[in-house]
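Novice: Pasting a structure here, questions to come.
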Amino acid sequence: MSALLPTAFATTGLLGGYQTARATGNRQLGGAVLAAAGAAAFIGWKSNAGTGTAAALTATYVLAFGASHPLAKKMGAWPAVYTVTAATAAASLLLGRKRA
């Protein structure tokens with residue numbers, strides 16, 4: 001599997017989860033988008049880089065979601081979401097590639 005696919009899932013989860021929650025006013029629905037995309041990203045990372053790396057990248061994904069909340073108070077909601085999404089995508093592209 002290409003390293004781009006799990007990165008796309010992670011990016012979609014963070015951006016799409018926030019947008020879904022914001023647009024619908026339903027935080028649980030946004031969380032469902034976040035969880036579904038995170039599960040799909042985990043499967044891709046596991047296929048490419050193994051279980052340990054997949055677990056570490058999933059932890060990064062969850063921590064990014066958590067970090068976006070205090071960051072939003074300092075820089076605004078969308079800038080915070082974009083920042084943590086970019087950091088997660090970079091980690092995914094660097095660490096989530098196929099093993100040699």
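Here's how to read the names in the structure tokens: chain A, B, ... by the order shown, residue numbers from 1 in each chain, ligand numbers from 1 in the order shown.
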Leaving out A:Tyr61 and any residue of its chain fewer than 5 positions from it, which residues lie within 12 Å of it when counting only C-alpha atoms, given as a ChimeraX atom specification?
Specialist: /A:6-7,9-15,34-35,37-39,41-42,45,54-56,66-68,81,84-92
Novice: Set the distance at 9 Å and use only C-alpha atoms: which residues neighbour A:Gly50 once local chain neighbours fewer than 6 positions away are removed? I'd like the list as a list of chain:residue names.
Specialist: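 Surrounding residues, per the criterion: A:Gly96, A:Lys98, A:Arg99.
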Novice: Can you work out the spacing between atom CA of A:Leu4 and atom CA of A:Ala80 in Å, to one decimal?
Specialist: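 Between atom CA of A:Leu4 and atom CA of A:Ala80 the gap is 22.3 Å.
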Novice: Looking at A:Leu93, A:Ala72, A:Ala21, A:Ala3, which one is nearest to A:Ser47, with distances taken over only C-alpha atoms?
Specialist: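 The answer is A:Ala3, which sits nearest to A:Ser47.
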Novice: Just give me the gap between atom CA of A:Ala8 and atom CA of A:Gly52 in Å, one decimal is fine.
Specialist: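 Computing it gives 19.9 Å between the two atoms.
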Novice: Between atom CA of A:Gly16 and atom CA of A:Val33, what is the distance in Å, rounded to a tenth?
Specialist: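 Distance reported for this atom pair: 6.8 Å.
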